[in-house]
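Report on the structure given below.
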Amino acid sequence: MAQQHIVIVGGGVIGSAIAYFLAAHPHFDGRVTVLERDPTYTHASSALSASSIRQQFSTPVNIHMSQFGFEFMRDIHQHLAVDDDVPELGLTEHGYLYLATEAGAAVLRDNHLLQKAEQVNVALLEPQALAQKFPWLNVDDLALASLGLSGEGWFDGYGLLMAFRRKARSLGVSYVQADVQGFAHAAGQVRGVSLQDGAMIACDYAVNAAGAWARPLLTDTGFDLPVVGRKRSVFVVSSPAQTPACPLIIDPSGLWLRPEGQYWICGLPPEDDSDDAPLEVDYEQFDTVWEIMAGRVPGFEALRMQRAWAGYYEYNLFDQNAVIGAHPQLANLILANGFSGHGMQHAPAVGRGIAELLVEGAYSSIDLSPLSAQRLLRKRPLLEKNVI
Ligand SMILES: Cc1cc2nc3c(=O)[nH]c(=O)nc-3n(C[C@H](O)[C@H](O)[C@H](O)COP(=O)(O)OP(=O)(O)OC[C@H]3O[C@@H](n4cnc5c(N)ncnc54)[C@H](O)[C@@H]3O)c2cc1C
């Protein structure tokens with residue numbers, strides 16, 4: 001690709017991963033500009049994430065992306081070091097533990113078969129084995145559990161964003177502070193990215209990586225991307241409870257919890273899941289969170305909230321999966337949106353895939369085409385059963 005100018009809107013983990021993989025691609029000799037309106041990332045999901053990674057998905061493409069994500073982060077020093085500045089993500093390898101009552105056991109078994117076929121290192125545990133492995137866990141209402149044995153865990157997500165950004169800049173990518181208004185287009189081609197101050201930045205390709213704010217940028221492009229911001233509150237709690245070898249637990253209620261240093265962090269999808277609600281912590285949720293936590297781990301009866309924060313899932317209302325690839329009407333506008341709570345772990349695979357698409361003309365490692373916008377036009381959802 002000779003001297004093309006690629007403009008990426010949004011410099012969060014997705015935009016920055018794309019910028020890095022483009023700049024690092026051996027056959028890319030163009031220019032990359034990232035337009036980011038808030039270099040402090042105050043509201044960006046990438047700065048407010050729980051930053052965990054799992055392989056226990058129910059669709060192969062999501063599993064493949066996480067497998068690459070884990071591998072990439074494990075070897076991050078080889079990829080993203082800048083001179084002596086070697087990123088340290090604190091990648092902690094610990095499984096996810098999905099818990100199911102009788103009602104959810106069949107889904108867990110189906111997912112298990114699919115995951116095994118995709119080389120996921122995962123085991124099903126009956127309640128007795130579960131109680132033996134985690135004696136601090138209440139298994140009374142459970143019928144089955146699925147435990148990841150390797151390739152899952154958590155990491156410093158903000159550190160990953162910063163490492164992508166620093167490395168991309170060292171490879172010549174420009175980060176410019178700018179508030180984007182939309183994409184200027186004519187005759188089926190994007191000509192440039194228009195800014196709120198009236199300026200226009202010409203480009204050969206544009207990428208929409210604007211997270212929870214991606215939809216309004218496409219208003220006049222003929223494609224309504226069904227992505228909204230869905231607020232998620234995260235609570236940091238302390239307790240005298242001991243939970244040795246604690247995995248990331250997904251309770252049948254939807255509550256998730258995992259250890260974080262001397263504390264635990266946890267969250268629960270809100271009952272009233274409204275779109276684009278202000279980013280304020282839903283403290284009223286904590287009573288329910290506490291009740292479920294204490295029911296699942298009796299030691300959590302004595303639970304104290306230390307602090308809390310809220311961030312947006314960039315939630316795809318259609319099927320809770322990412323929309324990746326060309327805009328249906330504008331072939332040189334690339335979408336990287338709607339990650340619905342799993343964008344942090346998938347950022348390396350998305351960055352690499354979009355760089356392949358732009359430089360080589362097609363995906364050459366993981367085939368991301370199941371995530372293309374075409375499925376929305378055809379009204380054929382790619383259903384992910386394991387949404388947290
Ligand atoms: C509470 C919570 C927990 C999560 N837990 C996990 C997890 O455990 N594992 C996981 O993989 N994922 C998790 N996620 C999801 C993950 O954090 C996101 O999918 C990911 O960070 C999305 O990255 P992004 O770059 O697309 O969006 P963002 O990080 O939001 O970046 C988008 C950027 O675009 C900029 N922008 C927007 N509009 C404009 C504009 N008009 N002009 C210029 N700039 C603009 C914004 O300022 C922002 O910096 C979680 C998210 C939340 C909120």
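Labeling convention for the structure tokens: chains A, B, ... as they appear, residues from 1 per chain, ligands from 1 in order of appearance.
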
Residue contacts of range 65-79 of chain A (9 Å, only C-alpha atoms) excluding same-chain residues fewer than 2 positions away, as JSON, numbers by chain | {"A": [53, 54, 55, 60, 61, 62, 63, 81, 86, 87, 88, 89, 91, 120, 151, 152, 153, 155, 160, 163, 167, 344, 345, 346, 347, 348, 349, 350, 366, 368]}

Save the residues we just selected, C-alpha atoms, as a compact mmCIF listing (two decimals), in the first residue's frame?
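The resulting file, again-v3.txt, is reproduced below:
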```txt
# COMPACT_ATOMS: atom_id res chain seq x y z
CA ILE A 53 -9.55 -12.59 29.45
CA ARG A 54 -11.33 -15.86 28.88
CA GLN A 55 -11.52 -18.55 26.29
CA PRO A 60 -15.23 -20.01 17.55
CA VAL A 61 -14.22 -16.54 16.33
CA ASN A 62 -14.37 -15.12 19.87
CA ILE A 63 -12.33 -18.06 21.18
CA ALA A 81 8.86 -2.65 24.26
CA VAL A 86 9.32 -2.77 28.63
CA PRO A 87 5.57 -2.91 29.37
CA GLU A 88 4.49 -4.94 32.38
CA LEU A 89 0.82 -5.96 32.32
CA LEU A 91 -0.98 -10.85 33.39
CA VAL A 120 -9.75 -24.67 24.95
CA GLY A 151 -5.10 -19.29 28.94
CA GLU A 152 -7.52 -17.21 31.03
CA GLY A 153 -7.00 -14.53 33.67
CA PHE A 155 -4.26 -7.98 33.40
CA LEU A 160 -2.13 -2.45 27.53
CA ALA A 163 1.77 0.14 25.65
CA LYS A 167 4.76 1.67 20.62
CA MET A 344 -10.03 -5.41 25.89
CA GLN A 345 -9.00 -9.04 25.47
CA HIS A 346 -9.81 -8.99 21.75
CA ALA A 347 -7.88 -5.80 20.95
CA PRO A 348 -4.69 -7.56 19.77
CA ALA A 349 -6.65 -9.80 17.37
CA VAL A 350 -8.76 -6.89 16.09
CA ILE A 366 -7.90 -15.21 12.11
CA LEU A 368 -12.90 -12.08 11.30
```

For Tyr315 in chain A, work out the shell of residues within 12 Å, counting only C-alpha atoms and skipping chain neighbours fewer than 4 positions away, then give it as a PyMOL selection string.
-> chain A and resi 45+211-215+225-232+273-276+311+319-323+337-343+387-388

Could you please take those selected residues and save N, CA and C atoms as an mmCIF file, in the first residue's frame?
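After the write, out.cif holds the following:
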```cif
data_model
loop_
_atom_site.group_PDB
_atom_site.id
_atom_site.type_symbol
_atom_site.label_atom_id
_atom_site.label_comp_id
_atom_site.auth_asym_id
_atom_site.auth_seq_id
_atom_site.Cartn_x
_atom_site.Cartn_y
_atom_site.Cartn_z
ATOM 1 N N SER A 45 -13.793 3.347 27.817
ATOM 2 C CA SER A 45 -13.993 2.008 28.406
ATOM 3 C C SER A 45 -12.654 1.363 28.707
ATOM 4 N N GLY A 211 -15.611 3.540 20.239
ATOM 5 C CA GLY A 211 -16.186 2.891 21.418
ATOM 6 C C GLY A 211 -17.687 3.117 21.534
ATOM 7 N N ALA A 212 -18.120 3.498 22.728
ATOM 8 C CA ALA A 212 -19.557 3.680 22.996
ATOM 9 C C ALA A 212 -20.142 4.876 22.251
ATOM 10 N N TRP A 213 -19.283 5.663 21.612
ATOM 11 C CA TRP A 213 -19.731 6.887 20.913
ATOM 12 C C TRP A 213 -19.670 6.706 19.388
ATOM 13 N N ALA A 214 -19.577 5.468 18.927
ATOM 14 C CA ALA A 214 -19.368 5.201 17.493
ATOM 15 C C ALA A 214 -20.604 5.489 16.640
ATOM 16 N N ARG A 215 -21.783 5.269 17.200
ATOM 17 C CA ARG A 215 -23.016 5.327 16.390
ATOM 18 C C ARG A 215 -23.293 6.696 15.784
ATOM 19 N N LEU A 225 -25.637 1.817 12.992
ATOM 20 C CA LEU A 225 -24.927 0.830 13.820
ATOM 21 C C LEU A 225 -25.629 0.740 15.181
ATOM 22 N N PRO A 226 -26.152 -0.438 15.533
ATOM 23 C CA PRO A 226 -26.947 -0.502 16.776
ATOM 24 C C PRO A 226 -26.075 -0.650 18.027
ATOM 25 N N VAL A 227 -25.150 0.279 18.202
ATOM 26 C CA VAL A 227 -24.241 0.215 19.360
ATOM 27 C C VAL A 227 -24.538 1.383 20.295
ATOM 28 N N VAL A 228 -24.764 1.052 21.569
ATOM 29 C CA VAL A 228 -25.061 2.082 22.573
ATOM 30 C C VAL A 228 -24.130 1.885 23.764
ATOM 31 N N GLY A 229 -24.061 2.893 24.610
ATOM 32 C CA GLY A 229 -23.293 2.759 25.849
ATOM 33 C C GLY A 229 -24.191 2.158 26.925
ATOM 34 N N ARG A 230 -23.782 1.032 27.474
ATOM 35 C CA ARG A 230 -24.539 0.432 28.587
ATOM 36 C C ARG A 230 -23.656 0.493 29.831
ATOM 37 N N LYS A 231 -24.130 1.235 30.806
ATOM 38 C CA LYS A 231 -23.311 1.474 32.000
ATOM 39 C C LYS A 231 -23.136 0.203 32.835
ATOM 40 N N ARG A 232 -21.927 -0.025 33.288
ATOM 41 C CA ARG A 232 -21.641 -1.136 34.197
ATOM 42 C C ARG A 232 -20.873 -0.596 35.403
ATOM 43 N N ASP A 273 -31.446 -1.726 32.245
ATOM 44 C CA ASP A 273 -30.224 -1.549 31.451
ATOM 45 C C ASP A 273 -30.449 -0.495 30.374
ATOM 46 N N SER A 274 -30.518 0.772 30.793
ATOM 47 C CA SER A 274 -30.873 1.812 29.814
ATOM 48 C C SER A 274 -29.653 2.255 29.006
ATOM 49 N N ASP A 275 -29.931 2.863 27.852
ATOM 50 C CA ASP A 275 -28.867 3.264 26.928
ATOM 51 C C ASP A 275 -28.286 4.617 27.330
ATOM 52 N N ASP A 276 -26.954 4.710 27.222
ATOM 53 C CA ASP A 276 -26.237 5.973 27.381
ATOM 54 C C ASP A 276 -26.602 6.731 28.663
ATOM 55 N N GLY A 311 -18.276 2.375 33.968
ATOM 56 C CA GLY A 311 -17.824 2.589 32.580
ATOM 57 C C GLY A 311 -18.874 2.045 31.631
ATOM 58 N N ASP A 319 -26.614 -8.413 18.573
ATOM 59 C CA ASP A 319 -26.246 -9.764 19.035
ATOM 60 C C ASP A 319 -25.071 -9.786 20.022
ATOM 61 N N GLN A 320 -24.776 -8.642 20.633
ATOM 62 C CA GLN A 320 -23.718 -8.558 21.660
ATOM 63 C C GLN A 320 -22.370 -9.077 21.168
ATOM 64 N N ASN A 321 -22.110 -8.876 19.916
ATOM 65 C CA ASN A 321 -20.801 -9.224 19.367
ATOM 66 C C ASN A 321 -20.251 -8.038 18.576
ATOM 67 N N ALA A 322 -18.953 -8.050 18.386
ATOM 68 C CA ALA A 322 -18.315 -6.944 17.681
ATOM 69 C C ALA A 322 -18.773 -6.843 16.231
ATOM 70 N N VAL A 323 -18.683 -5.650 15.689
ATOM 71 C CA VAL A 323 -18.916 -5.422 14.255
ATOM 72 C C VAL A 323 -17.577 -4.948 13.695
ATOM 73 N N ASN A 337 -16.257 -1.912 16.238
ATOM 74 C CA ASN A 337 -17.213 -1.411 17.243
ATOM 75 C C ASN A 337 -18.000 -2.536 17.924
ATOM 76 N N GLY A 338 -18.692 -2.163 18.987
ATOM 77 C CA GLY A 338 -19.714 -3.040 19.580
ATOM 78 C C GLY A 338 -19.182 -4.246 20.322
ATOM 79 N N PHE A 339 -18.081 -4.098 21.038
ATOM 80 C CA PHE A 339 -17.439 -5.273 21.644
ATOM 81 C C PHE A 339 -18.200 -5.834 22.847
ATOM 82 N N SER A 340 -19.140 -5.084 23.363
ATOM 83 C CA SER A 340 -20.099 -5.598 24.358
ATOM 84 C C SER A 340 -19.444 -6.295 25.549
ATOM 85 N N GLY A 341 -18.362 -5.724 26.054
ATOM 86 C CA GLY A 341 -17.769 -6.282 27.276
ATOM 87 C C GLY A 341 -16.606 -7.218 27.053
ATOM 88 N N HIS A 342 -16.176 -7.412 25.797
ATOM 89 C CA HIS A 342 -14.978 -8.247 25.624
ATOM 90 C C HIS A 342 -13.938 -7.638 24.673
ATOM 91 N N GLY A 343 -13.957 -6.306 24.566
ATOM 92 C CA GLY A 343 -13.037 -5.651 23.624
ATOM 93 C C GLY A 343 -11.592 -5.588 24.089
ATOM 94 N N VAL A 387 -22.379 -14.197 27.455
ATOM 95 C CA VAL A 387 -22.202 -12.752 27.615
ATOM 96 C C VAL A 387 -22.190 -12.465 29.107
ATOM 97 N N ILE A 388 -21.220 -11.659 29.538
ATOM 98 C CA ILE A 388 -21.151 -11.339 30.975
ATOM 99 C C ILE A 388 -21.616 -9.908 31.165
#
```

Among A:Ala47, A:Ala100, A:Leu108, A:Val236, Arg304 in chain A is approached most closely, using only C-alpha atoms, by A:Val236

Tell me, in Å to one decimal, how far atom 12 (N, counted along the ligand's line) of ligand 1 is from CA of Leu48 in chain A.
->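 Value for the atom 12 (N, counted along the ligand's line) of ligand 1-CA of Leu48 in chain A distance: 9.4 Å.
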
Which of range 86-254 of chain A DSSP labels strand (DSSP E or B), written as a count of residues only = 58

From the DSSP assignment of the backbone, select every residue of range 131-300 of chain A that is alpha helix (DSSP H), and format the answer as a count of residues only.
-> 28

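Of the residues listed (A:Tyr98, A:Phe183, A:Phe134, A:Trp290), A:Phe183 shows the shortest atom-to-atom separation from ligand 1; distances use only C-alpha atoms and all ligand atoms.
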
Near range 94-96 of chain A, counting only C-alpha atoms, which residues have an atom at most 8 Å away, once you skip same-chain residues fewer than 3 positions from it, shown as an MDAnalysis selection string?
-> chainID A and resid 54 56 146:154 246:250

Filtering to N, CA and C atoms, could you give me those residues as a short mmCIF file (atom, residue, chain, number, x, y, z; two decimals), in the first residue's frame?
```cif
data_model
loop_
_atom_site.label_atom_id
_atom_site.label_comp_id
_atom_site.auth_asym_id
_atom_site.auth_seq_id
_atom_site.Cartn_x
_atom_site.Cartn_y
_atom_site.Cartn_z
N ARG A 54 -10.82 -14.49 28.77
CA ARG A 54 -11.33 -15.86 28.88
C ARG A 54 -11.32 -16.51 27.52
N GLN A 56 -13.62 -19.08 27.33
CA GLN A 56 -14.92 -19.74 27.40
C GLN A 56 -16.00 -18.88 26.73
N SER A 146 -18.01 -24.95 34.95
CA SER A 146 -16.99 -25.07 33.90
C SER A 146 -15.80 -24.21 34.31
N LEU A 147 -14.64 -24.85 34.42
CA LEU A 147 -13.45 -24.14 34.91
C LEU A 147 -12.37 -24.09 33.82
N GLY A 148 -11.88 -22.91 33.53
CA GLY A 148 -10.76 -22.76 32.59
C GLY A 148 -9.47 -23.19 33.29
N LEU A 149 -8.67 -24.02 32.62
CA LEU A 149 -7.46 -24.55 33.26
C LEU A 149 -6.20 -23.83 32.82
N SER A 150 -6.26 -23.12 31.71
CA SER A 150 -5.13 -22.28 31.30
C SER A 150 -5.61 -21.28 30.25
N GLY A 151 -4.78 -20.26 30.00
CA GLY A 151 -5.10 -19.29 28.94
C GLY A 151 -6.19 -18.30 29.31
N GLU A 152 -6.53 -18.21 30.59
CA GLU A 152 -7.52 -17.21 31.03
C GLU A 152 -6.92 -16.44 32.22
N GLY A 153 -7.50 -15.28 32.51
CA GLY A 153 -7.00 -14.53 33.67
C GLY A 153 -7.33 -13.06 33.57
N TRP A 154 -6.45 -12.22 34.12
CA TRP A 154 -6.68 -10.78 34.09
C TRP A 154 -5.36 -10.03 34.02
N CYS A 246 -8.81 -18.38 44.06
CA CYS A 246 -10.12 -17.90 43.57
C CYS A 246 -10.08 -17.60 42.07
N PRO A 247 -10.92 -18.27 41.29
CA PRO A 247 -11.01 -17.95 39.86
C PRO A 247 -11.89 -16.72 39.64
N LEU A 248 -12.12 -16.35 38.39
CA LEU A 248 -13.12 -15.33 38.09
C LEU A 248 -14.46 -16.06 38.00
N ILE A 249 -15.31 -15.79 38.97
CA ILE A 249 -16.56 -16.55 39.10
C ILE A 249 -17.69 -15.84 38.37
N ILE A 250 -18.40 -16.62 37.56
CA ILE A 250 -19.63 -16.11 36.93
C ILE A 250 -20.78 -16.86 37.56
#
```

Write out as a compact mmCIF listing (two decimals) with N, CA and C atoms, in the first residue's frame each polymer residue whose atoms come within 9 Å of Val289 in chain A, counting only C-alpha atoms; drop sequence neighbours fewer than 6 positions from it.
```txt
# COMPACT_ATOMS: atom_id res chain seq x y z
N PHE A 235 -17.57 -2.76 41.69
CA PHE A 235 -17.37 -2.50 43.13
C PHE A 235 -16.09 -3.19 43.60
N LEU A 255 -23.92 -12.23 38.22
CA LEU A 255 -22.87 -11.54 38.97
C LEU A 255 -21.50 -12.15 38.65
N CYS A 266 -16.18 -6.83 41.68
CA CYS A 266 -17.39 -7.55 41.28
C CYS A 266 -18.36 -6.61 40.58
N GLY A 267 -19.33 -7.19 39.89
CA GLY A 267 -20.34 -6.39 39.20
C GLY A 267 -21.50 -7.27 38.79
N LEU A 268 -22.58 -6.61 38.41
CA LEU A 268 -23.83 -7.30 38.05
C LEU A 268 -24.52 -6.48 36.98
```

Selected residue, from A:Leu333, A:Ala129, A:Ala123, A:Val13, that lies nearest to His185 in chain A when counting only C-alpha atoms =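 Result for the nearest residue to His185 in chain A: A:Leu333.
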
Ala210 in chain A surroundings by only C-alpha atoms, 8 Å radius, close-in-sequence under 4 positions cut, as a PDB file with N, CA and C atoms, in the first residue's frame:
```pdb
ATOM      1  N   VAL A   9     -10.439   7.043  14.188  1.00  0.00           N
ATOM      2  CA  VAL A   9     -11.172   7.884  15.143  1.00  0.00           C
ATOM      3  C   VAL A   9     -11.311   7.106  16.442  1.00  0.00           C
ATOM      4  N   GLY A  10     -10.693   7.617  17.509  1.00  0.00           N
ATOM      5  CA  GLY A  10     -10.719   6.954  18.812  1.00  0.00           C
ATOM      6  C   GLY A  10      -9.380   6.298  19.089  1.00  0.00           C
ATOM      7  N   GLY A  11      -8.751   6.753  20.156  1.00  0.00           N
ATOM      8  CA  GLY A  11      -7.420   6.217  20.497  1.00  0.00           C
ATOM      9  C   GLY A  11      -7.454   5.356  21.737  1.00  0.00           C
ATOM     10  N   GLY A  12      -8.580   4.644  21.977  1.00  0.00           N
ATOM     11  CA  GLY A  12      -8.645   3.670  23.067  1.00  0.00           C
ATOM     12  C   GLY A  12      -7.854   2.426  22.687  1.00  0.00           C
ATOM     13  N   GLY A  15      -8.498   1.399  18.875  1.00  0.00           N
ATOM     14  CA  GLY A  15      -7.853   2.293  17.912  1.00  0.00           C
ATOM     15  C   GLY A  15      -6.337   2.196  17.995  1.00  0.00           C
ATOM     16  N   ALA A 214     -19.577   5.468  18.927  1.00  0.00           N
ATOM     17  CA  ALA A 214     -19.368   5.201  17.493  1.00  0.00           C
ATOM     18  C   ALA A 214     -20.604   5.489  16.640  1.00  0.00           C
ATOM     19  N   ASN A 337     -16.257  -1.912  16.238  1.00  0.00           N
ATOM     20  CA  ASN A 337     -17.213  -1.411  17.243  1.00  0.00           C
ATOM     21  C   ASN A 337     -18.000  -2.536  17.924  1.00  0.00           C
TER      22      ASN A 337
END
```

Please list as a compact mmCIF listing (two decimals) with N, CA and C atoms, in the first residue's frame every residue within 9 Å of Ser372 in chain A, counting only C-alpha atoms and excluding residues in the same chain fewer than 6 positions away.
```txt
# COMPACT_ATOMS: atom_id res chain seq x y z
N ALA A 322 -18.95 -8.05 18.39
CA ALA A 322 -18.32 -6.94 17.68
C ALA A 322 -18.77 -6.84 16.23
N VAL A 323 -18.68 -5.65 15.69
CA VAL A 323 -18.92 -5.42 14.25
C VAL A 323 -17.58 -4.95 13.69
N ILE A 324 -16.97 -5.80 12.88
CA ILE A 324 -15.61 -5.52 12.42
C ILE A 324 -15.55 -5.65 10.89
N GLY A 325 -14.93 -4.66 10.25
CA GLY A 325 -14.75 -4.73 8.79
C GLY A 325 -15.40 -3.55 8.10
N ALA A 326 -15.53 -3.67 6.78
CA ALA A 326 -15.99 -2.52 5.99
C ALA A 326 -17.43 -2.13 6.31
N HIS A 327 -17.67 -0.83 6.28
CA HIS A 327 -19.02 -0.26 6.34
C HIS A 327 -19.78 -0.79 5.12
N PRO A 328 -21.06 -1.16 5.27
CA PRO A 328 -21.77 -1.78 4.13
C PRO A 328 -21.86 -0.90 2.88
N LEU A 335 -15.11 -0.44 10.31
CA LEU A 335 -15.74 -0.40 11.62
C LEU A 335 -15.02 -1.34 12.58
```

Range 329-332 of chain A environment, 12 Å, only C-alpha atoms, sequence neighbours closer than 6 positions dropped, as a VMD selection string = chain A and resid 4 to 8 183 to 193 203 to 208 218 220 to 224 354 357 to 358 361 373 to 374 377

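The two atoms in question, CA of Leu124 in chain A and CA of Ser51 in chain A, are spaced 24.4 Å apart.
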